file work-v4.cif (mmCIF, C-alpha atoms)
data_protein
#
loop_
_atom_site.label_atom_id
_atom_site.label_comp_id
_atom_site.auth_asym_id
_atom_site.auth_seq_id
_atom_site.Cartn_x
_atom_site.Cartn_y
_atom_site.Cartn_z
CA MET L 944 127.10 100.64 93.17
CA ASP L 945 130.14 102.87 93.23
CA GLN L 946 129.67 106.60 93.38
CA ALA L 947 129.87 108.18 89.96
CA LEU L 948 131.07 111.59 88.76
CA ASN L 949 129.49 113.72 86.07
CA ASP L 950 130.05 117.25 84.80
CA THR L 951 128.28 118.83 87.78
CA GLY L 952 129.95 116.75 90.47
CA TRP L 953 129.03 113.71 92.53
CA ARG L 954 125.66 112.20 91.69
CA GLY L 955 125.81 109.74 94.56
CA SER L 956 124.84 106.10 94.34
CA GLN L 957 121.68 104.05 94.10
CA GLU L 958 122.24 102.81 97.65
CA GLY L 959 122.66 106.38 98.87
CA TRP L 960 119.38 107.53 97.36
CA LEU L 961 117.61 104.44 98.71
CA GLU L 962 119.05 104.95 102.19
CA ALA L 963 117.93 108.59 102.20
CA ALA L 964 114.46 107.50 101.11
CA TYR L 965 114.41 104.89 103.87
CA HIS L 966 115.26 107.45 106.56
CA SER L 967 112.68 109.92 105.24
CA LEU L 968 110.02 107.21 105.27
CA LEU L 969 110.81 106.31 108.88
CA GLU L 970 111.01 109.92 110.03
CA SER L 971 108.05 111.50 108.25
CA GLY L 972 106.11 108.95 106.22
CA VAL L 973 105.85 108.23 102.53
CA ASP L 974 104.71 111.75 101.60
CA SER L 975 108.17 112.98 102.54
CA VAL L 976 109.88 110.60 100.11
CA LYS L 977 110.23 113.00 97.22
CA ILE L 978 113.08 113.59 94.85
CA LEU L 979 113.89 117.25 95.55
CA PRO L 980 113.95 116.98 99.37
CA LEU L 981 116.09 113.85 99.08
CA ALA L 982 118.48 115.64 96.73
CA LYS L 983 118.82 118.49 99.23
CA LYS L 984 119.40 116.04 102.05
CA LEU L 985 122.16 114.35 100.02
CA ASN L 986 123.53 117.66 98.73
CA LEU L 987 123.10 116.42 95.17
CA SER L 988 121.38 117.76 92.09
CA ARG L 989 117.81 116.65 91.43
CA THR L 990 118.78 115.35 87.99
CA SER L 991 121.35 112.97 89.48
CA PHE L 992 118.45 110.93 90.85
CA TYR L 993 117.59 109.82 87.32
CA TRP L 994 120.90 108.05 86.87
CA PHE L 995 119.59 105.41 89.27
CA PHE L 996 115.78 105.47 89.18
CA LYS L 997 113.31 106.10 86.39
CA ASP L 998 110.98 108.05 88.67
CA ARG L 999 109.69 108.31 92.23
CA GLU L 1000 107.52 105.24 91.80
CA GLU L 1001 110.56 103.13 91.02
CA LEU L 1002 112.25 104.43 94.18
CA LEU L 1003 109.16 103.55 96.23
CA SER L 1004 109.12 100.09 94.67
CA ALA L 1005 112.76 99.66 95.69
CA LEU L 1006 111.83 100.57 99.27
CA VAL L 1007 109.09 97.95 99.29
CA ALA L 1008 111.50 95.36 97.87
CA LEU L 1009 114.02 96.21 100.60
CA TRP L 1010 111.36 95.75 103.28
CA ARG L 1011 110.15 92.49 101.73
CA ASP L 1012 113.61 90.98 101.39
CA LYS L 1013 114.71 91.95 104.89
CA ASN L 1014 111.69 91.57 107.12
CA THR L 1015 109.77 88.78 105.41
CA GLY L 1016 112.86 87.00 104.14
CA ASN L 1017 114.52 86.80 107.53
CA ILE L 1018 111.41 85.58 109.35
CA VAL L 1019 111.16 82.77 106.83
CA ARG L 1020 114.86 81.95 107.10
CA ARG L 1021 114.82 81.92 110.91
CA ALA L 1022 111.69 79.74 110.95
CA GLU L 1023 113.49 77.26 108.68
CA ALA L 1024 116.79 77.32 110.59
CA TYR L 1025 118.05 74.12 112.21
CA ALA L 1026 116.88 73.52 115.77
CA GLU L 1027 116.96 70.51 118.08
CA SER L 1028 113.56 71.30 119.58
CA LEU L 1029 110.49 73.42 118.90
CA ALA L 1030 111.48 75.73 121.74
CA GLU L 1031 114.86 76.32 120.11
CA ALA L 1032 113.17 76.86 116.74
CA MET L 1033 111.05 79.58 118.32
CA LEU L 1034 114.15 81.14 119.85
CA ASN L 1035 115.58 81.27 116.32
CA VAL L 1036 112.53 83.26 115.24
CA PHE L 1037 112.87 85.50 118.29
CA ASP L 1038 116.24 86.55 116.91
CA CYS L 1039 114.23 88.71 114.52
CA TRP L 1040 112.57 90.62 117.34
CA LEU L 1041 115.90 91.49 118.94
CA ASP L 1042 118.24 92.02 115.99
CA ASN L 1043 117.52 95.02 113.79
CA ASP L 1044 119.76 93.56 111.10
CA LEU L 1045 117.29 90.67 110.78
CA PHE L 1046 114.01 92.50 111.24
CA ASP L 1047 113.55 96.28 111.22
CA ALA L 1048 110.53 97.06 113.42
CA LYS L 1049 110.54 100.78 112.59
CA PHE L 1050 110.59 99.95 108.88
CA GLU L 1051 107.72 97.53 109.45
CA PHE L 1052 105.66 100.21 111.19
CA ALA L 1053 106.40 102.75 108.46
CA VAL L 1054 105.40 100.38 105.66
CA ARG L 1055 102.19 99.36 107.44
CA SER L 1056 101.34 103.04 107.97
CA TRP L 1057 102.04 103.72 104.30
CA ALA L 1058 99.76 100.80 103.36
CA LEU L 1059 96.82 102.71 104.89
CA GLN L 1060 97.16 105.11 101.94
CA SER L 1061 97.69 102.52 99.20
CA ASN L 1062 95.49 99.55 98.34
CA GLU L 1063 98.31 98.14 96.23
CA LEU L 1064 100.74 98.22 99.12
CA LEU L 1065 98.09 96.91 101.50
CA ALA L 1066 97.79 93.84 99.29
CA GLU L 1067 101.59 93.48 99.41
CA VAL L 1068 101.56 93.68 103.22
CA GLN L 1069 98.76 91.13 103.45
CA GLN L 1070 100.71 88.78 101.19
CA ALA L 1071 103.78 89.22 103.39
CA ASP L 1072 101.71 88.41 106.47
CA GLN L 1073 100.52 85.21 104.82
CA ILE L 1074 104.05 84.17 103.80
CA ARG L 1075 105.31 84.75 107.34
CA LEU L 1076 102.41 82.90 108.93
CA GLU L 1077 102.88 79.94 106.58
CA ALA L 1078 106.58 79.78 107.45
CA LEU L 1079 105.78 79.71 111.16
CA LYS L 1080 103.05 77.12 110.62
CA ARG L 1081 105.51 74.88 108.74
CA MET L 1082 107.96 75.28 111.62
CA PHE L 1083 105.41 73.96 114.12
CA MET L 1084 104.39 71.12 111.81
CA ARG L 1085 108.06 70.16 111.40
CA PHE L 1086 108.05 69.24 115.08
CA GLY L 1087 104.95 67.08 114.80
CA LEU L 1088 102.13 69.42 115.74
CA PRO L 1089 98.80 68.96 113.89
CA GLU L 1090 98.04 71.44 111.10
CA THR L 1091 95.27 73.30 112.93
CA THR L 1092 97.30 73.56 116.12
CA SER L 1093 100.29 74.76 114.10
CA ASP L 1094 98.16 77.39 112.38
CA VAL L 1095 96.78 78.74 115.68
CA ARG L 1096 100.19 78.80 117.37
CA ALA L 1097 101.71 80.53 114.34
CA ARG L 1098 99.01 83.18 114.45
CA THR L 1099 99.43 83.67 118.18
CA THR L 1100 103.19 84.08 117.81
CA TYR L 1101 103.06 86.43 114.85
CA LEU L 1102 100.05 88.58 115.67
CA VAL L 1103 101.34 89.35 119.16
CA GLN L 1104 104.59 90.64 117.66
CA ILE L 1105 102.78 92.72 115.03
CA GLY L 1106 100.70 94.10 117.89
CA TYR L 1107 103.87 95.16 119.67
CA ILE L 1108 104.98 96.96 116.50
CA SER L 1109 101.61 98.56 115.77
CA MET L 1110 101.35 99.85 119.34
CA GLN L 1111 104.99 100.98 119.21
CA SER L 1112 105.46 99.19 122.50
CA ARG L 1113 108.86 99.64 124.12
CA GLU L 1114 110.53 97.30 126.60
CA GLU L 1115 113.92 97.43 128.21
CA VAL L 1116 116.08 94.67 126.77
CA ALA L 1117 116.61 93.13 130.20
CA VAL L 1118 112.86 93.02 130.78
CA ARG L 1119 112.17 91.41 127.43
CA MET L 1120 114.91 88.85 127.95
CA LYS L 1121 113.46 87.93 131.33
CA ARG L 1122 110.07 87.33 129.72
CA ILE L 1123 111.33 85.26 126.80
CA PRO L 1124 111.27 81.81 128.50
CA GLU L 1125 107.59 82.37 129.35
CA TYR L 1126 106.80 83.53 125.83
CA ILE L 1127 108.46 80.42 124.42
CA ALA L 1128 106.52 78.17 126.79
CA ILE L 1129 103.21 79.82 125.85
CA TYR L 1130 103.82 79.80 122.10
CA THR L 1131 105.27 76.29 121.82
CA GLY L 1132 103.99 74.39 124.85
CA GLU L 1133 107.62 73.56 125.67
CA VAL L 1134 109.83 74.97 128.40
CA PRO L 1135 113.16 75.92 126.78
CA GLN L 1136 116.21 74.11 128.06
CA GLN L 1137 118.81 76.23 129.83
CA ARG L 1138 121.41 75.41 127.17
CA GLU L 1139 119.01 76.69 124.49
CA LEU L 1140 118.47 79.90 126.40
CA ASP L 1141 122.19 80.27 127.00
CA ARG L 1142 122.89 80.04 123.26
CA PHE L 1143 120.13 82.56 122.54
CA PHE L 1144 121.31 85.03 125.20
CA SER L 1145 124.90 84.66 124.07
CA ARG L 1146 124.23 85.58 120.46
CA HIS L 1147 122.43 88.71 121.64
CA GLY L 1148 125.16 89.68 124.09
CA HIS L 1149 122.90 89.31 127.11
CA LYS L 1150 124.06 88.10 130.50
CA PRO L 1151 121.11 87.14 132.76
CA ASP L 1152 121.26 88.34 136.35
#
call {"tool": "encode", "arguments": {"input": "work-v4.cif", "output": "structure tokens"}}
result
Amino acid sequence: MDQALNDTGWRGSQEGWLEAAYHSLLESGVDSVKILPLAKKLNLSRTSFYWFFKDREELLSALVALWRDKNTGNIVRRAEAYAESLAEAMLNVFDCWLDNDLFDAKFEFAVRSWALQSNELLAEVQQADQIRLEALKRMFMRFGLPETTSDVRARTTYLVQIGYISMQSREEVAVRMKRIPEYIAIYTGEVPQQRELDRFFSRHGHKPD
């Protein structure tokens, strides 16, 4: 939405208010996502907020929608992406863990922390977990694995990554890249081909030693 002008000056844009709310959530949690502090951060009047959102609850709902569309949506899309092998399919999913434009780990942590204060949001997070797990399960089944095996491998893949996020674990990119072939072998039971790894490394700008 384009920025708009009223009698008192710039009132900003819906995207601007949402971005400010996003940064406040990541920095200080949901209790910091309030209209007046956001207005001060944006150097806008408090009333300008109401050009774009009915109230704070609508802003919070927009944050949840942003998280859902980005983090859940991209896991599903990467799980469904074309691949010649199961190992390559898993590398497609691993794109999410390395590309913040596909999956925002800090946003994920912030939303899960927020869900500890809200039963409604907790239900939303649990639904997202189920959608993601089902997408991964379908990916395994697409390559001929039995349903139960696919379910267990999907859970292993996903819950390890959520554990990384929950623990706020940090790895140097080079270290993580070195570990990826082993992760793929454990999760899929297939050793990735060098050409598959080369394509994966290339799209993440990584040059192995």
call {"tool": "closest_residue", "arguments": {"input": "work-v4.cif", "among": "L:Leu969, L:Pro1151, L:Leu1029, L:Arg1146", "to": "Gly1087 in chain L", "atoms": "all atoms listed in the file"}}
result
L:Leu1029
call {"tool": "resolve_selection", "arguments": {"input": "work-v4.cif", "expression": "the PyMOL selection byres ((chain L and resi 1024) around 12)", "output": "CSV table (one decimal) with C-alpha atoms, in the frame of the given file"}}
result
chain,number,residue,atom,x,y,z
L,1017,ASN,CA,114.5,86.8,107.5
L,1018,ILE,CA,111.4,85.6,109.4
L,1019,VAL,CA,111.2,82.8,106.8
L,1020,ARG,CA,114.9,82.0,107.1
L,1021,ARG,CA,114.8,81.9,110.9
L,1022,ALA,CA,111.7,79.7,111.0
L,1023,GLU,CA,113.5,77.3,108.7
L,1025,TYR,CA,118.0,74.1,112.2
L,1026,ALA,CA,116.9,73.5,115.8
L,1027,GLU,CA,117.0,70.5,118.1
L,1028,SER,CA,113.6,71.3,119.6
L,1029,LEU,CA,110.5,73.4,118.9
L,1031,GLU,CA,114.9,76.3,120.1
L,1032,ALA,CA,113.2,76.9,116.7
L,1033,MET,CA,111.0,79.6,118.3
L,1034,LEU,CA,114.2,81.1,119.8
L,1035,ASN,CA,115.6,81.3,116.3
L,1036,VAL,CA,112.5,83.3,115.2
L,1037,PHE,CA,112.9,85.5,118.3
L,1038,ASP,CA,116.2,86.6,116.9
L,1078,ALA,CA,106.6,79.8,107.4
L,1079,LEU,CA,105.8,79.7,111.2
L,1081,ARG,CA,105.5,74.9,108.7
L,1082,MET,CA,108.0,75.3,111.6
L,1085,ARG,CA,108.1,70.2,111.4
call {"tool": "residues_around", "arguments": {"input": "work-v4.cif", "residues": "range 983-992 of chain L", "least_positions_apart": "2", "cutoff": "9 Å", "atoms": "all atoms listed in the file", "output": "list in words"}}
result
Asn949, Thr951, Gly952, Trp953, Arg954, Gly955, Ser956, Gln957, Gly959, Trp960, Ala963, Ile978, Leu979, Pro980, Leu981, Trp994, Phe995, Phe996, Lys997 and Asp998 of chain L
call {"tool": "closest_residue", "arguments": {"input": "work-v4.cif", "among": "L:Val1118, L:Val1095, L:Leu1006, L:Ala1030", "to": "His966 in chain L", "atoms": "all atoms listed in the file"}}
result
L:Leu1006
call {"tool": "axis_aligned_box", "arguments": {"input": "work-v4.cif", "around": "range 1058-1068 of chain L", "padding_each_side": "4 Å", "output": "AutoDock Vina command-line options"}}
result
--center_x 98.5 --center_y 99.3 --center_z 100.6 --size_x 14.1 --size_y 19.6 --size_z 16.7
call {"tool": "atom_distance", "arguments": {"input": "work-v4.cif", "atom1": "CA of Trp1010 in chain L", "atom2": "CA of Leu1059 in chain L"}}
result
16.2 Å
call {"tool": "closest_residue", "arguments": {"input": "work-v4.cif", "among": "L:Thr1131, L:Ser975, L:Gln1137, L:Gln1060", "to": "Met1084 in chain L", "atoms": "all atoms listed in the file"}}
result
L:Thr1131
call {"tool": "residues_around", "arguments": {"input": "work-v4.cif", "residues": "Arg1098 in chain L", "least_positions_apart": "6", "cutoff": "10 Å", "atoms": "all atoms listed in the file", "output": "PyMOL selection string"}}
result
chain L and resi 1072-1073+1075-1077+1079-1080+1092+1104+1130
call {"tool": "write_last_selection", "arguments": {"input": "work-v4.cif", "atoms": "C-alpha atoms", "output": "PDB file, keeping the file's coordinate frame"}}
result
ATOM      1  CA  ASP L1072     101.710  88.410 106.470  1.00  0.00           C
ATOM      2  CA  GLN L1073     100.520  85.210 104.820  1.00  0.00           C
ATOM      3  CA  ARG L1075     105.310  84.750 107.340  1.00  0.00           C
ATOM      4  CA  LEU L1076     102.410  82.900 108.930  1.00  0.00           C
ATOM      5  CA  GLU L1077     102.880  79.940 106.580  1.00  0.00           C
ATOM      6  CA  LEU L1079     105.780  79.710 111.160  1.00  0.00           C
ATOM      7  CA  LYS L1080     103.050  77.120 110.620  1.00  0.00           C
ATOM      8  CA  THR L1092      97.300  73.560 116.120  1.00  0.00           C
ATOM      9  CA  GLN L1104     104.590  90.640 117.660  1.00  0.00           C
ATOM     10  CA  TYR L1130     103.820  79.800 122.100  1.00  0.00           C
TER      11      TYR L1130
END
call {"tool": "atom_distance", "arguments": {"input": "work-v4.cif", "atom1": "CA of Ala964 in chain L", "atom2": "CA of Ser1061 in chain L"}}
result
17.6 Å
call {"tool": "closest_residue", "arguments": {"input": "work-v4.cif", "among": "L:Glu1114, L:Met1120, L:Glu1067, L:Leu1045", "to": "Phe1143 in chain L", "atoms": "only C-alpha atoms"}}
result
L:Met1120
call {"tool": "residues_around", "arguments": {"input": "work-v4.cif", "residues": "Gly972 in chain L", "least_positions_apart": "5", "cutoff": "12 Å", "atoms": "only C-alpha atoms", "output": "VMD selection string"}}
result
chain L and resid 964 to 967 977 1003 1049 to 1060
call {"tool": "write_last_selection", "arguments": {"input": "work-v4.cif", "atoms": "C-alpha atoms", "output": "compact mmCIF listing (two decimals), keeping the file's coordinate frame"}}
result
# COMPACT_ATOMS: atom_id res chain seq x y z
CA ALA L 964 114.46 107.50 101.11
CA TYR L 965 114.41 104.89 103.87
CA HIS L 966 115.26 107.45 106.56
CA SER L 967 112.68 109.92 105.24
CA LYS L 977 110.23 113.00 97.22
CA LEU L 1003 109.16 103.55 96.23
CA LYS L 1049 110.54 100.78 112.59
CA PHE L 1050 110.59 99.95 108.88
CA GLU L 1051 107.72 97.53 109.45
CA PHE L 1052 105.66 100.21 111.19
CA ALA L 1053 106.40 102.75 108.46
CA VAL L 1054 105.40 100.38 105.66
CA ARG L 1055 102.19 99.36 107.44
CA SER L 1056 101.34 103.04 107.97
CA TRP L 1057 102.04 103.72 104.30
CA ALA L 1058 99.76 100.80 103.36
CA LEU L 1059 96.82 102.71 104.89
CA GLN L 1060 97.16 105.11 101.94
call {"tool": "atom_distance", "arguments": {"input": "work-v4.cif", "atom1": "CA of Thr1100 in chain L", "atom2": "CA of Ala1117 in chain L"}}
result
20.4 Å
